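File shown: my_file-v9.csv (CSV, C-alpha atoms).
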```csv
chain,number,residue,atom,x,y,z
L,27,MET,CA,102.0,35.9,200.3
L,28,ALA,CA,100.4,39.1,201.5
L,29,PHE,CA,103.9,40.7,201.8
L,30,GLU,CA,104.7,39.8,198.2
L,31,LEU,CA,101.5,41.3,197.0
L,32,PHE,CA,102.1,44.5,199.0
L,33,LYS,CA,105.6,44.6,197.5
L,34,LEU,CA,104.3,44.2,194.0
L,35,ILE,CA,101.7,47.0,194.5
L,36,VAL,CA,104.4,49.4,195.9
L,37,GLU,CA,106.7,48.5,193.0
L,38,TYR,CA,103.9,49.1,190.5
L,39,LYS,CA,103.1,52.5,191.9
L,40,TYR,CA,106.8,53.5,192.0
L,41,VAL,CA,107.4,52.4,188.4
L,42,ARG,CA,104.2,54.1,187.2
L,43,LYS,CA,105.1,57.3,189.0
L,44,ASN,CA,108.6,57.1,187.5
L,45,ARG,CA,107.3,56.5,184.0
L,46,ASN,CA,104.9,59.5,184.2
L,47,ARG,CA,107.8,61.7,185.3
L,48,THR,CA,110.1,60.3,182.5
L,49,ARG,CA,107.3,60.9,179.9
L,50,MET,CA,106.9,64.5,181.1
L,51,ILE,CA,110.6,65.2,181.0
L,52,ASP,CA,110.8,63.6,177.5
L,53,ARG,CA,107.9,65.8,176.3
L,54,ILE,CA,109.7,68.9,177.6
L,55,GLU,CA,112.9,67.9,175.8
L,56,SER,CA,111.0,67.3,172.6
L,57,LEU,CA,109.4,70.7,172.9
L,58,LYS,CA,112.8,72.2,173.4
L,59,ALA,CA,114.2,70.4,170.4
L,60,GLY,CA,111.3,71.5,168.2
L,61,THR,CA,111.7,75.1,169.4
L,62,ILE,CA,115.4,75.3,168.8
L,63,SER,CA,115.1,73.7,165.4
L,64,ALA,CA,112.1,75.9,164.4
L,65,LEU,CA,114.1,79.1,165.4
L,66,SER,CA,117.2,78.1,163.5
L,67,LEU,CA,115.4,76.9,160.4
L,68,THR,CA,113.2,80.0,160.3
L,69,ILE,CA,116.2,82.3,160.6
L,70,VAL,CA,118.0,80.6,157.7
L,71,TYR,CA,114.8,80.5,155.6
L,72,MET,CA,114.3,84.3,156.1
L,73,ALA,CA,118.0,84.9,155.2
L,74,ILE,CA,117.4,83.0,152.0
L,75,ALA,CA,114.2,84.9,151.3
L,76,ILE,CA,116.1,88.1,151.7
L,77,ALA,CA,118.8,86.9,149.4
L,78,HIS,CA,116.2,86.3,146.7
L,79,HIS,CA,115.4,90.0,146.8
L,80,LEU,CA,119.0,91.1,146.3
L,81,PRO,CA,120.1,92.2,142.8
L,82,LEU,CA,121.7,88.8,142.1
L,83,GLY,CA,118.4,87.1,142.9
L,84,LYS,CA,116.4,89.5,140.7
L,85,GLY,CA,118.4,88.5,137.6
L,86,ILE,CA,117.4,84.9,137.8
L,87,HIS,CA,113.9,84.1,136.3
L,88,LEU,CA,113.1,81.3,138.8
L,89,TRP,CA,113.7,83.5,141.8
L,90,GLN,CA,111.5,86.2,140.4
L,91,ASP,CA,108.7,83.8,140.2
L,92,GLY,CA,109.3,82.5,143.7
L,93,GLN,CA,109.5,85.9,145.3
L,94,THR,CA,106.8,86.8,147.8
L,95,GLU,CA,104.4,89.4,146.4
L,96,THR,CA,102.3,90.0,149.5
L,97,ILE,CA,103.0,90.1,153.2
L,98,GLU,CA,100.3,87.5,153.8
L,99,HIS,CA,102.2,85.1,151.4
L,100,LEU,CA,105.4,85.7,153.2
L,101,LEU,CA,103.8,85.1,156.6
L,102,ILE,CA,102.3,81.8,155.4
L,103,LYS,CA,105.8,80.7,154.1
L,104,ILE,CA,107.4,81.7,157.4
L,105,ALA,CA,104.7,79.8,159.4
L,106,ILE,CA,105.3,76.7,157.2
L,107,ALA,CA,109.1,77.1,157.9
L,108,ILE,CA,108.4,77.3,161.7
L,109,VAL,CA,106.2,74.1,161.6
L,110,SER,CA,108.6,72.3,159.4
L,111,GLY,CA,111.5,73.2,161.7
L,112,PHE,CA,109.6,72.2,164.8
L,113,LEU,CA,108.6,68.8,163.4
L,114,PHE,CA,112.2,68.2,162.2
L,115,GLY,CA,113.6,69.0,165.7
L,116,VAL,CA,111.2,66.6,167.5
L,117,THR,CA,111.7,63.9,164.9
L,118,TYR,CA,115.5,64.4,164.8
L,119,ARG,CA,115.8,63.9,168.5
L,120,TYR,CA,114.0,60.5,168.3
L,121,ILE,CA,115.9,59.5,165.2
L,122,ILE,CA,119.4,60.0,166.6
L,123,ARG,CA,118.5,58.9,170.2
L,124,ASP,CA,121.8,58.6,172.1
L,125,ASP,CA,123.6,57.1,169.1
L,126,ASP,CA,126.4,59.0,167.3
L,127,ASN,CA,125.7,57.5,163.9
L,128,PRO,CA,126.4,60.2,161.2
L,129,HIS,CA,124.3,58.3,158.7
L,130,LEU,CA,121.2,58.7,160.8
L,131,LYS,CA,121.9,62.4,161.2
L,132,SER,CA,122.6,63.0,157.5
L,133,GLY,CA,119.6,60.8,156.5
L,134,ALA,CA,117.2,62.9,158.6
L,135,VAL,CA,118.4,66.1,156.9
L,136,LEU,CA,118.3,64.5,153.5
L,137,ALA,CA,114.8,63.1,154.0
L,138,PHE,CA,113.3,66.3,155.3
L,139,GLY,CA,115.2,68.5,152.8
L,140,LEU,CA,114.1,66.4,149.8
L,141,VAL,CA,110.4,66.3,150.9
L,142,ARG,CA,110.3,70.1,151.5
L,143,GLY,CA,112.3,71.0,148.4
L,144,LEU,CA,110.4,68.6,146.1
L,145,ALA,CA,107.1,69.8,147.4
L,146,SER,CA,108.0,73.3,146.5
L,147,ILE,CA,108.8,72.2,143.0
L,148,GLU,CA,105.6,70.2,142.7
L,149,GLY,CA,103.5,73.2,143.8
L,150,GLU,CA,105.1,75.5,141.2
L,151,ALA,CA,102.4,76.4,138.7
L,152,ASP,CA,104.7,77.7,135.9
L,153,PHE,CA,107.4,75.0,135.7
L,154,PRO,CA,110.5,76.9,134.5
L,155,GLN,CA,112.7,75.7,131.7
L,156,GLU,CA,115.8,76.1,133.7
L,157,TYR,CA,115.6,72.7,135.4
L,158,TRP,CA,118.9,73.1,137.2
L,159,LEU,CA,117.5,76.0,139.0
L,160,LEU,CA,114.8,73.7,140.5
L,161,GLY,CA,117.7,71.9,142.3
L,162,ILE,CA,118.5,75.2,144.0
L,163,TRP,CA,115.1,75.0,145.9
L,164,VAL,CA,116.1,71.5,147.1
L,165,ILE,CA,119.6,72.6,148.1
L,166,GLU,CA,118.1,75.6,149.9
L,167,SER,CA,115.7,73.3,151.8
L,168,MET,CA,118.5,70.9,152.7
L,169,THR,CA,120.7,73.8,153.8
L,170,CYS,CA,117.9,74.9,156.2
L,171,PHE,CA,117.6,71.5,157.7
L,172,ALA,CA,121.3,70.9,157.9
L,173,ILE,CA,121.8,74.1,159.9
L,174,ALA,CA,118.9,73.1,162.1
L,175,ARG,CA,120.6,69.7,162.6
L,176,PHE,CA,123.9,71.4,163.5
L,177,THR,CA,122.1,73.7,165.9
L,178,LEU,CA,120.5,70.7,167.6
L,179,ASP,CA,123.8,68.8,167.8
L,180,TRP,CA,125.4,71.9,169.3
L,181,ALA,CA,122.6,72.2,171.9
L,182,ILE,CA,123.0,68.5,172.8
L,183,SER,CA,126.8,68.8,173.1
L,184,HIS,CA,126.4,71.8,175.4
L,185,HIS,CA,123.7,69.9,177.5
L,186,TRP,CA,120.9,72.4,176.7
L,187,LEU,CA,119.0,69.5,175.2
L,188,LYS,CA,119.0,65.8,176.1
L,189,PRO,CA,118.9,63.2,173.4
L,190,PHE,CA,116.1,60.6,173.6
L,191,THR,CA,117.3,57.5,175.3
L,192,SER,CA,115.7,54.1,174.7
L,193,LYS,CA,117.1,52.4,177.8
L,194,PRO,CA,114.5,50.4,179.7
L,195,GLU,CA,113.5,51.8,183.0
L,196,SER,CA,114.6,49.8,186.0
L,197,SER,CA,112.2,48.7,188.7
L,198,PRO,CA,113.0,48.6,192.4
L,199,SER,CA,113.2,44.8,192.4
L,200,ASN,CA,115.7,44.9,189.5
L,201,ASN,CA,117.7,47.8,191.0
L,202,PRO,CA,118.1,47.8,194.8
L,203,SER,CA,119.5,51.3,194.8
L,204,ALA,CA,116.3,52.6,193.1
L,205,ALA,CA,114.0,51.3,195.9
L,206,PRO,CA,111.1,53.7,196.7
L,207,PRO,CA,111.6,55.8,199.8
L,208,HIS,CA,110.1,54.6,203.0
L,209,HIS,CA,107.7,56.9,204.6
```
Let me see whether you can do it: turn the structure in this file into structure tokens.
Amino acid sequence: MAFELFKLIVEYKYVRKNRNRTRMIDRIESLKAGTISALSLTIVYMAIAIAHHLPLGKGIHLWQDGQTETIEHLLIKIAIAIVSGFLFGVTYRYIIRDDDNPHLKSGAVLAFGLVRGLASIEGEADFPQEYWLLGIWVIESMTCFAIARFTLDWAISHHWLKPFTSKPESSPSNNPSAAPPHH
């Protein structure tokens, strides 16, 4: 009886220590996913913002209204892109897990892209008459998240980033090879 109690205590401490280690590794991987996604989304967003200032962009009424007038306004938009990209990366890692379902991957891009794109439209004070141009904001947003998705998929395929796994942890009593070391 005392031996069984001692065995349960040792097993509990081992599992608890292993869970804490796994949680820390998982947090680091989520931080990496968020950082990779934030960088890629921000780069694409800045390229789109630059494209809006090209001669082609100046000829379209909607883009003239959406152009950044001050450096502060641009910095706020870039900060929002960074936060959006970070949140997408962390969430995307948990959504796809270790599954290779293309519908989950595309659904995450569509959901984030629609929310960001439609929020831009909703926040527009002067609603333009060219409704089809409003769709461009949504498409631009989805493009940003799609590129962030492909960047994350690339990082996972090159083992720079580990997908989230939802496999249950094994305890020493269930897995003899995972027994705690004897001191």
- Neighbours of L:Trp163 within 10 Å (all atoms listed in the file; same-chain residues fewer than 3 positions away dropped), as an MDAnalysis selection string? chainID L and resid 88:89 92 139:140 142:147 158:160 166:169
- Record the distance separating atom CA of L:Ala64 and atom CA of L:Pro128, expressed in Å with one decimal. 21.5 Å
- Which residue of L:Lys188, L:Arg47, L:His78, L:Lys103 approaches L:Val116 most closely, using only C-alpha atoms: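 Ranked by minimum distance to L:Val116, first place goes to L:Lys188.
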With 12 Å as the threshold, what does the neighbourhood of (123.6, 60.1, 160.7) contain in terms of residues, counting all atoms listed in the file? Coordinates are those of the file; answer as a compact mmCIF listing (two decimals) with C-alpha atoms, in the frame of the given file.
```txt
# COMPACT_ATOMS: atom_id res chain seq x y z
CA TYR L 118 115.50 64.40 164.80
CA ARG L 119 115.80 63.90 168.50
CA ILE L 121 115.90 59.50 165.20
CA ILE L 122 119.40 60.00 166.60
CA ARG L 123 118.50 58.90 170.20
CA ASP L 124 121.80 58.60 172.10
CA ASP L 125 123.60 57.10 169.10
CA ASP L 126 126.40 59.00 167.30
CA ASN L 127 125.70 57.50 163.90
CA PRO L 128 126.40 60.20 161.20
CA HIS L 129 124.30 58.30 158.70
CA LEU L 130 121.20 58.70 160.80
CA LYS L 131 121.90 62.40 161.20
CA SER L 132 122.60 63.00 157.50
CA GLY L 133 119.60 60.80 156.50
CA ALA L 134 117.20 62.90 158.60
CA VAL L 135 118.40 66.10 156.90
CA LEU L 136 118.30 64.50 153.50
CA ALA L 137 114.80 63.10 154.00
CA ALA L 172 121.30 70.90 157.90
CA ARG L 175 120.60 69.70 162.60
CA PHE L 176 123.90 71.40 163.50
CA ASP L 179 123.80 68.80 167.80
```
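Proximity of L:Ile165, L:Phe114, L:His185, L:Glu148 to L:Ala59, computed with only C-alpha atoms, is greatest for L:Phe114.
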- Using atom CA of L:Phe190 and atom CA of L:Gly111 as the two end points, give the distance in Å to one decimal. 17.9 Å
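Take atom CA of L:Asn46 and atom CA of L:Phe112: the distance between them is 23.7 Å.
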- Query: Counting all atoms listed in the file, which of L:Ile108, L:Leu187, L:Ser192, L:Ile182 gets nearest to L:Lys58?
  - Reply: L:Leu187
- Query: For L:Leu57, which residue out of L:Ile102, L:Thr117, L:Ile162, L:His184 is the nearest one, using only C-alpha atoms?
  - Reply: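 Among the listed residues, the smallest separation from L:Leu57 belongs to L:Thr117.
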- Spatial neighbours of L:Ile69, max dist 10 Å, all atoms listed in the file, sep filter under 4 positions, as an NGL selection string: :L and (63-65 or 73-75 or 104 or 107-108 or 170 or 173-174)
- The residue from L:Val141, L:Ile106, L:Glu30, L:Gly115 with the smallest atom-to-atom distance to L:Pro189, counting only C-alpha atoms, is L:Gly115
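Shortest separation to L:Thr68 among L:Ser110, L:Ser183, L:Thr48, L:Ser56 occurs at residue L:Ser110, atoms counted being all atoms listed in the file.
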